[in-house]
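Here is the structure we will look at, set down as structure tokens.
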Amino acid sequence: MLTKQTMAETILVVEDEPALRDTLTYNLKKDGFTVEAVGDGRSALESARRLKPDLIVLDLMLPEIDGFEVCRILRKEMITPILMLTARDDEIDRVVGLEVGADDYLTKPFSMRELMARVKAQMRRSRLLREELAKSNETQKQQQKLKFDNLIVNLTRREVTLNDEPLALKPQEYELLVFFAEHRGQMLSREFVLERVWGWDFIGDSRTVDVHVRWLRQKIEDDPSTPKRIVTVRGGGYRFEG
């Protein structure tokens with residue numbers, strides 16, 4: 001059963017196939033979401049900037065501007081979760097989609113049940129992050145920080161600084177960094193990280209962890225090609241050295 005807060009949440013559907021676009025819109029509205037649907041990449045950018053939706057369902061193959069470029073542009077402007085749809089079961093497409101900023105992907109043809117499960121999983125994580133941030137701002141007066149030389153994670157403010165300069169992290173990047181920091185020196189398998197950071201109900205695989213680790217390294221390592229903070233454990237996973 002959906003709460004009032006859930007019913008107020010907005011989803012932007014970007015799909016150029018009219019029949020599928022109508023089907024997605026119908027089913028999402030049926031589950032209580034407010035939905036706006038468009039059929040090309042240019043309209044997607046305009047609608048996303050105007051609506052600031054809670055979730056974007058984004059097709060890969062779009063007229064005018066393709067889904068990869070739309071995702072790349074929006075990820076620079078907002079942290080809204082993006083669920084990418086692709087008609088090709090190609091690992092390269094999925095990996096590139098994650099690398100340009102998609103939070104999850106789904107290959108066509110897919111069942112509406114699977115789509116709704118992924119939509120709700122993204123919504124739950126986004127909602128929990130917002131609730132935790134609001135609760136932190138209201139109840140915590142004393143800032144809690146994790147310090148690793150020039151890298152500081154402010155748990156109270158949910159902020160990260162490097163050399164006293166703020167780092168722009170996506171919510172999932174921040175959660176991954178905090179999880180690593182709280183388990184400093186421990187070898188963490190990809191599967192364990194995926195379960196604890198993304199949740200047991202996440203529909204995906206451990207490559208998601210690899211992509212997010214790569215993003216983090218680009219932001220917190222002096223030389224991402226030879227990482228010193230987040231090191232790879234051969235045949236195991238990752239270890240955060242601080």
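A note on labels: chains of the structure tokens are A, B, ... as shown, every chain counts residues from 1, and ligands are counted from 1 in their shown order.
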- prompt: Do you know which residues are at most 12 Å from Val38 (chain A) counting only C-alpha atoms, after dropping those on the same chain fewer than 2 positions away, and could you put them as JSON, numbers by chain?
  reply: {"A": [11, 12, 13, 14, 15, 16, 17, 18, 20, 21, 22, 24, 25, 35, 36, 40, 41, 42, 43, 44, 45, 46, 47, 48, 56, 57, 58, 59, 62, 63]}
Restricting the output to N, CA, C and O atoms, write the selected residues as a CSV table (one decimal), in the first residue's frame.
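Heads up, here's the output in selection_32.csv:
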```csv
chain,number,residue,atom,x,y,z
A,11,ILE,N,7.4,10.8,-11.6
A,11,ILE,CA,8.3,10.0,-12.5
A,11,ILE,C,8.3,10.6,-13.9
A,11,ILE,O,7.2,10.8,-14.4
A,12,LEU,N,9.4,10.8,-14.5
A,12,LEU,CA,9.5,11.2,-15.9
A,12,LEU,C,9.8,10.0,-16.7
A,12,LEU,O,10.8,9.3,-16.5
A,13,VAL,N,8.9,9.7,-17.7
A,13,VAL,CA,9.1,8.5,-18.6
A,13,VAL,C,9.6,9.1,-19.9
A,13,VAL,O,8.9,9.9,-20.5
A,14,VAL,N,10.7,8.6,-20.4
A,14,VAL,CA,11.3,9.0,-21.7
A,14,VAL,C,11.4,7.8,-22.6
A,14,VAL,O,12.3,7.0,-22.4
A,15,GLU,N,10.4,7.7,-23.5
A,15,GLU,CA,10.3,6.5,-24.4
A,15,GLU,C,9.7,6.9,-25.7
A,15,GLU,O,8.7,7.5,-25.8
A,16,ASP,N,10.4,6.6,-26.8
A,16,ASP,CA,9.9,7.0,-28.2
A,16,ASP,C,8.9,6.1,-28.8
A,16,ASP,O,8.3,6.5,-29.8
A,17,GLU,N,8.7,4.9,-28.2
A,17,GLU,CA,7.7,4.0,-28.7
A,17,GLU,C,6.3,4.4,-28.1
A,17,GLU,O,6.2,4.1,-26.9
A,18,PRO,N,5.4,4.9,-28.8
A,18,PRO,CA,4.1,5.4,-28.2
A,18,PRO,C,3.4,4.3,-27.4
A,18,PRO,O,2.9,4.6,-26.3
A,20,LEU,N,4.6,1.6,-25.8
A,20,LEU,CA,5.3,1.3,-24.6
A,20,LEU,C,5.2,2.5,-23.6
A,20,LEU,O,5.0,2.3,-22.4
A,21,ARG,N,5.3,3.7,-24.2
A,21,ARG,CA,5.2,4.9,-23.4
A,21,ARG,C,3.9,5.0,-22.7
A,21,ARG,O,3.8,5.3,-21.5
A,22,ASP,N,2.8,4.7,-23.4
A,22,ASP,CA,1.5,4.7,-22.8
A,22,ASP,C,1.3,3.6,-21.8
A,22,ASP,O,0.7,3.8,-20.7
A,24,LEU,N,3.7,2.2,-19.9
A,24,LEU,CA,4.5,2.6,-18.7
A,24,LEU,C,3.7,3.7,-17.9
A,24,LEU,O,3.6,3.6,-16.7
A,25,THR,N,3.2,4.6,-18.6
A,25,THR,CA,2.5,5.7,-18.0
A,25,THR,C,1.3,5.2,-17.2
A,25,THR,O,1.0,5.5,-16.1
A,35,VAL,N,3.0,11.0,-13.3
A,35,VAL,CA,3.8,10.7,-14.4
A,35,VAL,C,3.7,11.7,-15.5
A,35,VAL,O,2.6,12.2,-15.8
A,36,GLU,N,4.9,12.1,-16.0
A,36,GLU,CA,4.9,12.9,-17.3
A,36,GLU,C,5.7,12.1,-18.3
A,36,GLU,O,6.8,11.5,-17.9
A,40,ASP,N,11.4,12.1,-26.9
A,40,ASP,CA,12.7,12.4,-27.4
A,40,ASP,C,13.6,13.0,-26.4
A,40,ASP,O,13.2,13.4,-25.3
A,41,GLY,N,14.9,13.0,-26.7
A,41,GLY,CA,15.9,13.4,-25.8
A,41,GLY,C,15.8,14.9,-25.4
A,41,GLY,O,16.1,15.3,-24.3
A,42,ARG,N,15.5,15.7,-26.4
A,42,ARG,CA,15.5,17.1,-26.1
A,42,ARG,C,14.3,17.5,-25.2
A,42,ARG,O,14.5,18.2,-24.2
A,43,SER,N,13.2,16.8,-25.4
A,43,SER,CA,12.1,17.1,-24.5
A,43,SER,C,12.4,16.5,-23.1
A,43,SER,O,11.9,17.0,-22.1
A,44,ALA,N,13.2,15.4,-23.1
A,44,ALA,CA,13.5,14.8,-21.8
A,44,ALA,C,14.3,15.8,-20.9
A,44,ALA,O,14.0,16.0,-19.7
A,45,LEU,N,15.3,16.5,-21.5
A,45,LEU,CA,16.1,17.5,-20.8
A,45,LEU,C,15.2,18.6,-20.3
A,45,LEU,O,15.3,19.1,-19.2
A,46,GLU,N,14.3,19.1,-21.2
A,46,GLU,CA,13.4,20.2,-20.8
A,46,GLU,C,12.5,19.8,-19.6
A,46,GLU,O,12.3,20.6,-18.7
A,47,SER,N,11.9,18.6,-19.7
A,47,SER,CA,11.0,18.2,-18.7
A,47,SER,C,11.7,17.9,-17.4
A,47,SER,O,11.2,18.3,-16.3
A,48,ALA,N,12.9,17.3,-17.4
A,48,ALA,CA,13.6,17.0,-16.2
A,48,ALA,C,14.0,18.3,-15.5
A,48,ALA,O,13.9,18.3,-14.2
A,56,ILE,N,13.7,9.1,-13.1
A,56,ILE,CA,13.6,9.2,-14.6
A,56,ILE,C,13.8,7.8,-15.2
A,56,ILE,O,14.7,7.1,-14.9
A,57,VAL,N,12.8,7.4,-15.9
A,57,VAL,CA,12.8,6.1,-16.7
A,57,VAL,C,13.2,6.5,-18.1
A,57,VAL,O,12.4,7.1,-18.8
A,58,LEU,N,14.4,6.1,-18.5
A,58,LEU,CA,15.1,6.7,-19.7
A,58,LEU,C,15.4,5.6,-20.7
A,58,LEU,O,16.2,4.8,-20.5
A,59,ASP,N,14.8,5.7,-21.9
A,59,ASP,CA,15.1,4.8,-23.0
A,59,ASP,C,16.5,5.2,-23.6
A,59,ASP,O,16.9,6.3,-23.6
A,62,LEU,N,16.9,7.1,-28.6
A,62,LEU,CA,15.9,8.2,-28.6
A,62,LEU,C,16.2,9.1,-29.8
A,62,LEU,O,17.4,9.3,-30.2
A,63,PRO,N,15.2,9.7,-30.4
A,63,PRO,CA,15.5,10.7,-31.5
A,63,PRO,C,16.0,12.0,-30.9
A,63,PRO,O,15.9,12.3,-29.7
```
- request: Excluding Leu177 (chain A) and residues on its chain fewer than 2 positions from it, collect all residues at most 12 Å away from it, counting only C-alpha atoms, and give them as an MDAnalysis selection string.
  value: chainID A and resid 146 148 151:155 158:160 167 169:175 179:184 193 197 209 212:217 219:220 229:230 238:242
- request: Quick one: pick out all strand (DSSP E) residues within region 2-33 of chain A from a backbone DSSP run and write them as a PyMOL selection string.
  value: chain A and resi 10-14
task: From a DSSP calculation on the backbone, collect every residue of region 10-39 of chain A in helix (DSSP H, G or I) and output the set as a ChimeraX atom specification.
output: /A:18-30
- request: Give the answer as one residue: which of A:Met61, A:Leu55, A:Ala87, A:Leu115 has the shortest atom-to-atom distance to Leu74 (chain A), using only C-alpha atoms?
  value: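 Of A:Met61, A:Leu55, A:Ala87, A:Leu115, the one nearest Leu74 (chain A) is A:Leu55, counting only C-alpha atoms.
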